[in-house]
6 protein chains.
Amino acid sequence: MARPITLFTGQWADLPFEEVARLASGWGYDGLEIACWGDHLDPWRGAEDDAYIQSKRDVLEKYGLKVYAISNHLKGQAVCDDPIDQRHRDMLPDAIWGDGDPEGVRQRAAEEMKLTARTAARLGVDTVVGFTGSSIWKYVAMFPPVSEELIEAGYRDFADRWNPILDVFDEVGVRFAHEVHPSEIAYDYWTTVRTMEAIGHREAFGLNWDPSHFVWQDLDPVGFMWDFKDRIYHVDCKDAKRRVGNGRNGRLGSHLPWADPRRGWDFVSTGHGDVPWEDSFRMLNTIGYTGPISVEWEDAGMDRLVGAPEALEFVKRLAFDPPSAAFDAAFSTR
Amino acid sequence: MARPITLFTGQWADLPFEEVARLASGWGYDGLEIACWGDHLDPWRGAEDDAYIQSKRDVLEKYGLKVYAISNHLKGQAVCDDPIDQRHRDMLPDAIWGDGDPEGVRQRAAEEMKLTARTAARLGVDTVVGFTGSSIWKYVAMFPPVSEELIEAGYRDFADRWNPILDVFDEVGVRFAHEVHPSEIAYDYWTTVRTMEAIGHREAFGLNWDPSHFVWQDLDPVGFMWDFKDRIYHVDCKDAKRRVGNGRNGRLGSHLPWADPRRGWDFVSTGHGDVPWEDSFRMLNTIGYTGPISVEWEDAGMDRLVGAPEALEFVKRLAFDPPSAAFDAAFSTR
Amino acid sequence: MARPITLFTGQWADLPFEEVARLASGWGYDGLEIACWGDHLDPWRGAEDDAYIQSKRDVLEKYGLKVYAISNHLKGQAVCDDPIDQRHRDMLPDAIWGDGDPEGVRQRAAEEMKLTARTAARLGVDTVVGFTGSSIWKYVAMFPPVSEELIEAGYRDFADRWNPILDVFDEVGVRFAHEVHPSEIAYDYWTTVRTMEAIGHREAFGLNWDPSHFVWQDLDPVGFMWDFKDRIYHVDCKDAKRRVGNGRNGRLGSHLPWADPRRGWDFVSTGHGDVPWEDSFRMLNTIGYTGPISVEWEDAGMDRLVGAPEALEFVKRLAFDPPSAAFDAAFSTR
Amino acid sequence: MARPITLFTGQWADLPFEEVARLASGWGYDGLEIACWGDHLDPWRGAEDDAYIQSKRDVLEKYGLKVYAISNHLKGQAVCDDPIDQRHRDMLPDAIWGDGDPEGVRQRAAEEMKLTARTAARLGVDTVVGFTGSSIWKYVAMFPPVSEELIEAGYRDFADRWNPILDVFDEVGVRFAHEVHPSEIAYDYWTTVRTMEAIGHREAFGLNWDPSHFVWQDLDPVGFMWDFKDRIYHVDCKDAKRRVGNGRNGRLGSHLPWADPRRGWDFVSTGHGDVPWEDSFRMLNTIGYTGPISVEWEDAGMDRLVGAPEALEFVKRLAFDPPSAAFDAAFSTR
Amino acid sequence: MARPITLFTGQWADLPFEEVARLASGWGYDGLEIACWGDHLDPWRGAEDDAYIQSKRDVLEKYGLKVYAISNHLKGQAVCDDPIDQRHRDMLPDAIWGDGDPEGVRQRAAEEMKLTARTAARLGVDTVVGFTGSSIWKYVAMFPPVSEELIEAGYRDFADRWNPILDVFDEVGVRFAHEVHPSEIAYDYWTTVRTMEAIGHREAFGLNWDPSHFVWQDLDPVGFMWDFKDRIYHVDCKDAKRRVGNGRNGRLGSHLPWADPRRGWDFVSTGHGDVPWEDSFRMLNTIGYTGPISVEWEDAGMDRLVGAPEALEFVKRLAFDPPSAAFDAAFSTR
Amino acid sequence: MARPITLFTGQWADLPFEEVARLASGWGYDGLEIACWGDHLDPWRGAEDDAYIQSKRDVLEKYGLKVYAISNHLKGQAVCDDPIDQRHRDMLPDAIWGDGDPEGVRQRAAEEMKLTARTAARLGVDTVVGFTGSSIWKYVAMFPPVSEELIEAGYRDFADRWNPILDVFDEVGVRFAHEVHPSEIAYDYWTTVRTMEAIGHREAFGLNWDPSHFVWQDLDPVGFMWDFKDRIYHVDCKDAKRRVGNGRNGRLGSHLPWADPRRGWDFVSTGHGDVPWEDSFRMLNTIGYTGPISVEWEDAGMDRLVGAPEALEFVKRLAFDPPSAAFDAAFSTR
């Protein structure tokens, strides 16, 4: 079978799209998960401009690459977030930021997510990966005391803002794959359960399985796939390493920057952390996932030019296909 | 020696102060850590009104209780917090909330903290326990990307707001004991280190050692005392239990209410959780802490009338005094 | 509220029923979970003979005891078992064993289970606790290779044999509470899932939660309650201790007798093993279980006259009621 | 030195013997551990027919392979098993199964084991690997209660059935290497101790060290070699992976098929599981084992054509020879 | 049955013997394990002076106490030690120290051990507990490189020095119970095996089981009893707590004094540490140990007047007798 | 950047220096950490003889190797040790041993350490790696009771003997890098803290980070670098494997030789043990260590000719450089 292995371009968006294509192709990747930032892909153009779409296809073809999914984490994040502040200013284009009025930012971001679905459809891709943002993430410590009504309102706000977006996804036959991640509406197992209820389990809303956020929260990324097997729409390979255990490094990271060794956990290149990769890939076989496996490079302690090809080799070695027959069939006299 | 064991009145503030005194006395507590909310203690009156102070002393005397520290977590929280929202509205008195304009709330809360120091002094108490709030707690997930400048600004905001308050503490000879706690400026080991730097290690600012917040972050509450031994100004006994390990319950609590068994951790009555209490009390002996040991009741799965006397027995049994001589002195022929 | 605490009489059936009642009453138990063997309770008489039922009631009343459930593990076991052999001969009465022909034994055992339901109804009890037996347990090692058809047939055999029994349970308004246990059709999490499917999730068939069998299989008895919350019909307190870890004691017990220290695990008196009792009792509160908590004494290393009263004290201390209000309500200004 | 690395042909018996020889030779194996099923080796012919033996030797020679041991697990299993049922029917040849009468099956299987010894001798091989079967395995759960007499009888039955077989082994100078394995008379440490006693520690009966069955039972395969160092007659490399830890997957496997991710453990290709391979190979050096290291392929989640050559590379890398001198000899001035 | 519980007087030797008897009796101890230092017991007088022996008996009788064993750790230590230095000077009486010449000290200490056996016999006691000392303990780090000849010589030195002492033990019918302990010839499992070989497994030399030294070395004190079941001559209850885990506290204790929280482990009062006491007492039942259980008080962080009675209660609660019948006998119809 | 990777010649000193250079060069090492024993480097000649120094340089140049540090563990060990005995005799040259009088040995060893500094300077090297010895290591078990005065005297003895040596180091601009190691004055975290105090934190005295001694003591080698970041003068890669866990193998090694599988831990080739190498190399990046990474070969179970090149590959793969930019910079719109 051999599932395609793609490179997510989000962490390479400081480079021109073609340069990323050239690099990925040279390392042996099968395709790209294209990010909707930098010059990689602009949903405002892609949703309407056939020539623009064709220009992206040309680059891919030139380098022998395919595309199975596109991503728009940065704008998805702004759809529900509260507060909207400098952090959003730093990652949003001027057109979305506008005058910075929070509600305006949210609505323009929502609009872009609809266009992202349309762009995906034009590109012949059935999956958009991304974030949702959350108006209640900030209550995670539960102090000052937070009422159940406030929490409930947060899930409702999410549904109110995303249902119209998902209507467009349904219209154009594309699915949204939310990445379960702290700072989002669904960041662990039970918040994913609650999120699915909030959205009525509609099929347009599925999951991007990225195990890096699971391991430092003590969640099981393998069992998660089994329990949400009909909603695993995309796979991102990112790894994380726990560095607690000395009594001083804490689970929450101490507001320290990536790669600071005092953090209780950190993102690391695929295969360098605590994700049980082999069991994960075996579970992908079990649930019959046939989509791309995408390498998302995030490691503040390693050069990406070293890490990206190494991660590809790692994934290729462990993401093997299942066999066609059971070993104990050979014992049979039948 | 026998350090006094007190009951923190914060979780009993729905009851009249005298009723709490009666209960605590009946169970055998030595004193109270009086909360500055409910009708327990009003800093605006206490800072100025001798008769008010005397009325509190009369209640204590009637029930044979002492006071070694007073607490004002709820107003301390509002000094630095951002955003200020419904959660603060629900726990602040009208006079502090005012029109709800965030900056005004913060300044009125700061004013109350100064008065709390004055009240403590009048009451003959040298320690105020509480929270600081934080303008950067909400960035804990580090997405959207947060710059080191933003983090730095958060610590500076804390110093700018608290230094004037601590000046009053110094003026009246009282110390502030910050409770290291998620949602505060210092919530783990390294943020405590950074907070102490931000405030220039001034003596007026010390710590309320409450181990419950340590265990679910994988921090060592015992070693923490050793490293900050000259800043342990007060001790609160609260316990927490980790309930991760099934792959579905996460470290961050899933926005679920207290006592929900799907939370990855929960507060429980002292002695029912994962805090290494005996090693902790032995460390208190080692660092020469001679202040009160205060029981802070928080357990959403147990009735407080059952738990408070049980916790007292638990602490009494383990918080034993050190011996006067070494056991191997008995081997000596000298 | 105070749930009643009962003593299961199965391990005391060498003593006359009245003697067990006297002992349990003296220790302070609230009632008995009466076993259908020894002279404790005979379903063949109980199903038809009002005077017999009254005689049991008289004993209970004399000692101030209640009954909430009766048990018939030994005969339930024989309903599905294969092979039927000397082990069954040793624990079955002559009337059930008959000529020892396996199919005859199974059918007579099934008949007794129906009568057990009728006896429960006459006694005013809505729950029968017991085992199911299993025709496929012996395939647990999966060698020689076992086909999925054989496994499937085992579940079907279970359904075919128990559905008619459960029809009688439905008829008389009594529920069967199966104890998840090795050697039974449902012995762990996934076999319980499969068993429920086999029986069409009919309400007559629920579970007796006994955590002792969970801990040595590395199963989580607490989460199990959450997942099967509508089928927890009865609670038996038995404990187990893992003794693996020296590389020589194995999980499977090495065919060694109880109390042999070379076994990798053993049954021990409640509170002496690895069951997370407090979390378990808190979960019972969460799922709203209001039935009896029954102490099932099995500890080959301790005298039962010492253990039974000690276990009662242990359960009383930890099976506390939930509170009526949240602790952080006391922070509210509302 | 370089111990030979062989491939066990048992899981390849659906392929013609020569095809397996061709594959193994191509991957670089040094030899084969030939299974007595499929068309690989027939003990009824091998014990008497020199030309048949020569034909096997010719194939080996053609592909540059050696043989150090032959295996007959399937027939050994039937010697003691009770019950004998469909599972045996599926793996036994018609001549052994006959009319399926259990005692007849057992005796014909015993006869084949004697012939297997004779075949080994003719082939110039001193070791036969295999299983024993067990009449008491089915009592592993110890419910219904099993008497020590029944267990004792099981070991005696084993000795009674195997001693005559081992007499033939002694006669022809061949040793039997029993694979410690659930469903056999010896399946863990203490049952191996008991089995050795039952057979009077006779030298003809030794062990095939296969660590895969140890890890999921929490047994130490390395220390086992030390304790039974004079009875390690053969080494099979098979790996197993524990998948417990989510509270739902149990140690006993839930009667689920291989590769189902809900099983609490599974067989996996050598190097993909929890066996401490390097410590194991170092222990082989320590006890002076000089026989073959045989790769036994069992992984229901990986294609055997991928796994077999990968396992060979894995073993080659870790099964290194010991050095001739100590490192601290270089510090000596002598 | 009820094994006697005694108090070891070694850590109380700064008090007069009668005072210790009075205290122990008041707490409820059954007897004393009398130390041969302080004024408690002098072997030079006891070996010859009947009146002296009677005076000790009188004190015991006055307080209703028995004696089952006497102890002489301090002089036993000096028999083999090398170097002999200030530490020995501090704990040895002048008569043994003499001019401090090491070989003279060793020989005088050996002489006292012989007299200790004679004193025990006169007192009607069959066990002497103590240490052996070791000439090779100092090589524990194995740097500078230590030859196997040097190690071998150390065990031989032990045998040469202790065999003549043990001859006197045999002569008077008393056994020596060596406490396995760092700084002795036998300090862990394998050194105990080697020590037994060195002394030819003679019966006069057995073991004092004290689990405190096992837990910080990661040894299993329970399995140790099983493996040396015929040499467990006495039991001392002392506990130890591991305090590693913060990455800074080390297993070797950092040359820090007892009770310093930076030590990686420490002695603590029985029941306050990591010894698996209940499994240990159950194992004592299994191996049929019927001697005294002696409490050896060593806890530099707790007052001994608090700890000694508490330890007695702890031991009484867990050192229960085995039952006379199996629980599943109640299932039998026989 | 690429830090140089060197081979420590100490475990190869039975071979001529040039032969070691030839081997190291052939495997691809960048340089040598030259040991001052065998014929590798003689400080008595090197401190004075330019031609001798040049001859060493010639060999290095011939094989394209550099030198960044030299080592003299064996003589450093003798500076403080007590007792001085056969072990020292076996590893010291005749000139240092002399008549074997301990104090004379110590002084001659101290003299050689001064000359080692001078030799380093002449060779153009700024670091000498080595041991200090210790007069108090033998008190590690703390029995017989050791007074704090004795411990204190040990640290003072160290300072008294090493300060004059370090004066020469300062004079010639070379630093001493002590290897934290059992049997030395600093062997774990807290003894390193105490050692630094004893020597007044003088810059001439730093550390050779060798993690192998950390892991079996349960120390964190990664955090150690952070805490002593300004004193990490050299890095030696040696690995260790814990083999405790069966209850019989102890932490202290049982006086058994290297490679004996009953030891609780053993030295193994880099990458075969429990050292967290990747986190360690990342920490070296964080603290800005730019010196050599030296492979110190010690594995009594593997041939050094196999292990040395394998270790080089292992280190090359994991000791990667840090990146120049953060991954989330690619999210920025700035």
# chains A, B, ... in the order shown; residues from 1 in each chain; ligands from 1
call {"tool": "interface_residues", "arguments": {"of": "chain A", "to": "chain D", "cutoff": "6 Å", "atoms": "only C-alpha atoms", "output": "ChimeraX atom specification"}}
result
/A:322-323,326-327,330-333
call {"tool": "write_last_selection", "arguments": {"atoms": "N, CA and C atoms", "output": "mmCIF file, in the first residue's frame"}}
result
data_model
loop_
_atom_site.group_PDB
_atom_site.id
_atom_site.type_symbol
_atom_site.label_atom_id
_atom_site.label_comp_id
_atom_site.auth_asym_id
_atom_site.auth_seq_id
_atom_site.Cartn_x
_atom_site.Cartn_y
_atom_site.Cartn_z
ATOM 1 N N PRO A 322 0.561 -3.611 7.101
ATOM 2 C CA PRO A 322 0.213 -4.875 7.764
ATOM 3 C C PRO A 322 0.395 -6.030 6.786
ATOM 4 N N PRO A 323 0.515 -7.255 7.314
ATOM 5 C CA PRO A 323 0.686 -8.422 6.446
ATOM 6 C C PRO A 323 -0.659 -8.883 5.921
ATOM 7 N N ALA A 326 -2.010 -14.324 8.777
ATOM 8 C CA ALA A 326 -1.566 -14.499 10.153
ATOM 9 C C ALA A 326 -0.428 -15.506 10.205
ATOM 10 N N PHE A 327 0.494 -15.295 11.159
ATOM 11 C CA PHE A 327 1.646 -16.190 11.232
ATOM 12 C C PHE A 327 1.250 -17.612 11.619
ATOM 13 N N ALA A 330 0.427 -20.835 9.336
ATOM 14 C CA ALA A 330 1.431 -21.810 8.892
ATOM 15 C C ALA A 330 1.422 -23.081 9.730
ATOM 16 N N PHE A 331 0.712 -23.051 10.852
ATOM 17 C CA PHE A 331 0.636 -24.253 11.693
ATOM 18 C C PHE A 331 -0.484 -25.182 11.230
ATOM 19 N N SER A 332 -1.309 -24.689 10.330
ATOM 20 C CA SER A 332 -2.530 -25.403 10.003
ATOM 21 C C SER A 332 -2.272 -26.573 9.051
ATOM 22 N N THR A 333 -3.020 -27.607 9.277
ATOM 23 C CA THR A 333 -2.953 -28.750 8.358
ATOM 24 C C THR A 333 -4.052 -28.653 7.306
#
call {"tool": "residues_around", "arguments": {"residues": "Leu23 of chain C", "least_positions_apart": "6", "cutoff": "10 Å", "atoms": "only C-alpha atoms", "output": "ChimeraX atom specification"}}
result
/C:29,63,305,308-309
call {"tool": "residues_around", "arguments": {"residues": "Met196 of chain B", "least_positions_apart": "4", "cutoff": "10 Å", "atoms": "only C-alpha atoms", "output": "number ranges by chain"}}
result
B: 155, 159, 186, 190-192, 200-203, 205-206, 231
call {"tool": "residues_around", "arguments": {"residues": "Gly64 of chain B", "least_positions_apart": "2", "cutoff": "9 Å", "atoms": "only C-alpha atoms", "output": "list in words"}}
result
Ser25, Asp30, Gly31, Val59, Leu60, Glu61, Lys62 and Lys66 of chain B
call {"tool": "residues_around", "arguments": {"residues": "segment 126-129 of chain E", "least_positions_apart": "3", "cutoff": "7 Å", "atoms": "only C-alpha atoms", "output": "list in words"}}
result
Ala69, Ile70, Ser71, Asn72, Ala117, Ala120, Ala121, Gly173, Val174, Arg175, Phe176, Ala177, His178 and Asn208 of chain E
call {"tool": "residues_around", "arguments": {"residues": "segment 135-139 of chain A", "least_positions_apart": "2", "cutoff": "9 Å", "atoms": "only C-alpha atoms", "output": "ChimeraX atom specification"}}
result
/A:80-83,133,141-146,150-151,153-155,157-158,182-185 /B:137-140,183,255
call {"tool": "select_by_dssp", "arguments": {"residues": "segment 23-210 of chain A", "states": "helix (DSSP H, G or I)", "output": "number ranges by chain"}}
result
A: 23-27, 43-46, 50-62, 73-80, 86-91, 94-97, 102-123, 137-139, 148-172, 189-198
call {"tool": "residues_around", "arguments": {"residues": "Leu7 of chain D", "least_positions_apart": "4", "cutoff": "6 Å", "atoms": "only C-alpha atoms", "output": "ChimeraX atom specification"}}
result
/D:32-33,294-295
call {"tool": "write_last_selection", "arguments": {"atoms": "N, CA, C and O atoms", "output": "PDB file, in the first residue's frame"}}
result
ATOM      1  N   LEU D  32      19.083 -23.207   9.400  1.00  0.00           N
ATOM      2  CA  LEU D  32      17.653 -23.315   9.682  1.00  0.00           C
ATOM      3  C   LEU D  32      17.418 -24.166  10.932  1.00  0.00           C
ATOM      4  O   LEU D  32      18.141 -25.141  11.168  1.00  0.00           O
ATOM      5  N   GLU D  33      16.411 -23.769  11.700  1.00  0.00           N
ATOM      6  CA  GLU D  33      15.852 -24.650  12.734  1.00  0.00           C
ATOM      7  C   GLU D  33      14.605 -25.227  12.067  1.00  0.00           C
ATOM      8  O   GLU D  33      13.619 -24.507  11.894  1.00  0.00           O
ATOM      9  N   SER D 294      18.281 -18.555  17.161  1.00  0.00           N
ATOM     10  CA  SER D 294      17.326 -18.793  16.092  1.00  0.00           C
ATOM     11  C   SER D 294      16.225 -17.737  16.113  1.00  0.00           C
ATOM     12  O   SER D 294      15.658 -17.434  17.160  1.00  0.00           O
ATOM     13  N   VAL D 295      15.944 -17.166  14.968  1.00  0.00           N
ATOM     14  CA  VAL D 295      14.897 -16.150  14.858  1.00  0.00           C
ATOM     15  C   VAL D 295      13.559 -16.829  14.590  1.00  0.00           C
ATOM     16  O   VAL D 295      13.415 -17.538  13.592  1.00  0.00           O
TER      17      VAL D 295
END
call {"tool": "closest_residue", "arguments": {"among": "D:Arg57, D:His40, D:Met113, D:Gly223", "to": "Gly247 of chain F", "atoms": "only C-alpha atoms"}}
result
D:Gly223
call {"tool": "atom_distance", "arguments": {"atom1": "atom CA of Asp266 of chain A", "atom2": "atom CA of Arg156 of chain B"}}
result
25.7 Å
call {"tool": "atom_distance", "arguments": {"atom1": "atom CA of Phe228 of chain C", "atom2": "atom CA of Phe314 of chain C"}}
result
25.5 Å
call {"tool": "closest_residue", "arguments": {"among": "E:Val172, E:Leu65, E:Ala47, E:Val235", "to": "Pro221 of chain E", "atoms": "only C-alpha atoms"}}
result
E:Val235
call {"tool": "select_by_dssp", "arguments": {"residues": "segment 98-324 of chain E", "states": "strand (DSSP E)", "output": "ChimeraX atom specification"}}
result
/E:127-130,175-179,205-209,232-237,239-242,265-268,293-295
call {"tool": "atom_distance", "arguments": {"atom1": "atom CA of Ser254 of chain B", "atom2": "atom CA of Glu152 of chain B"}}
result
28.5 Å
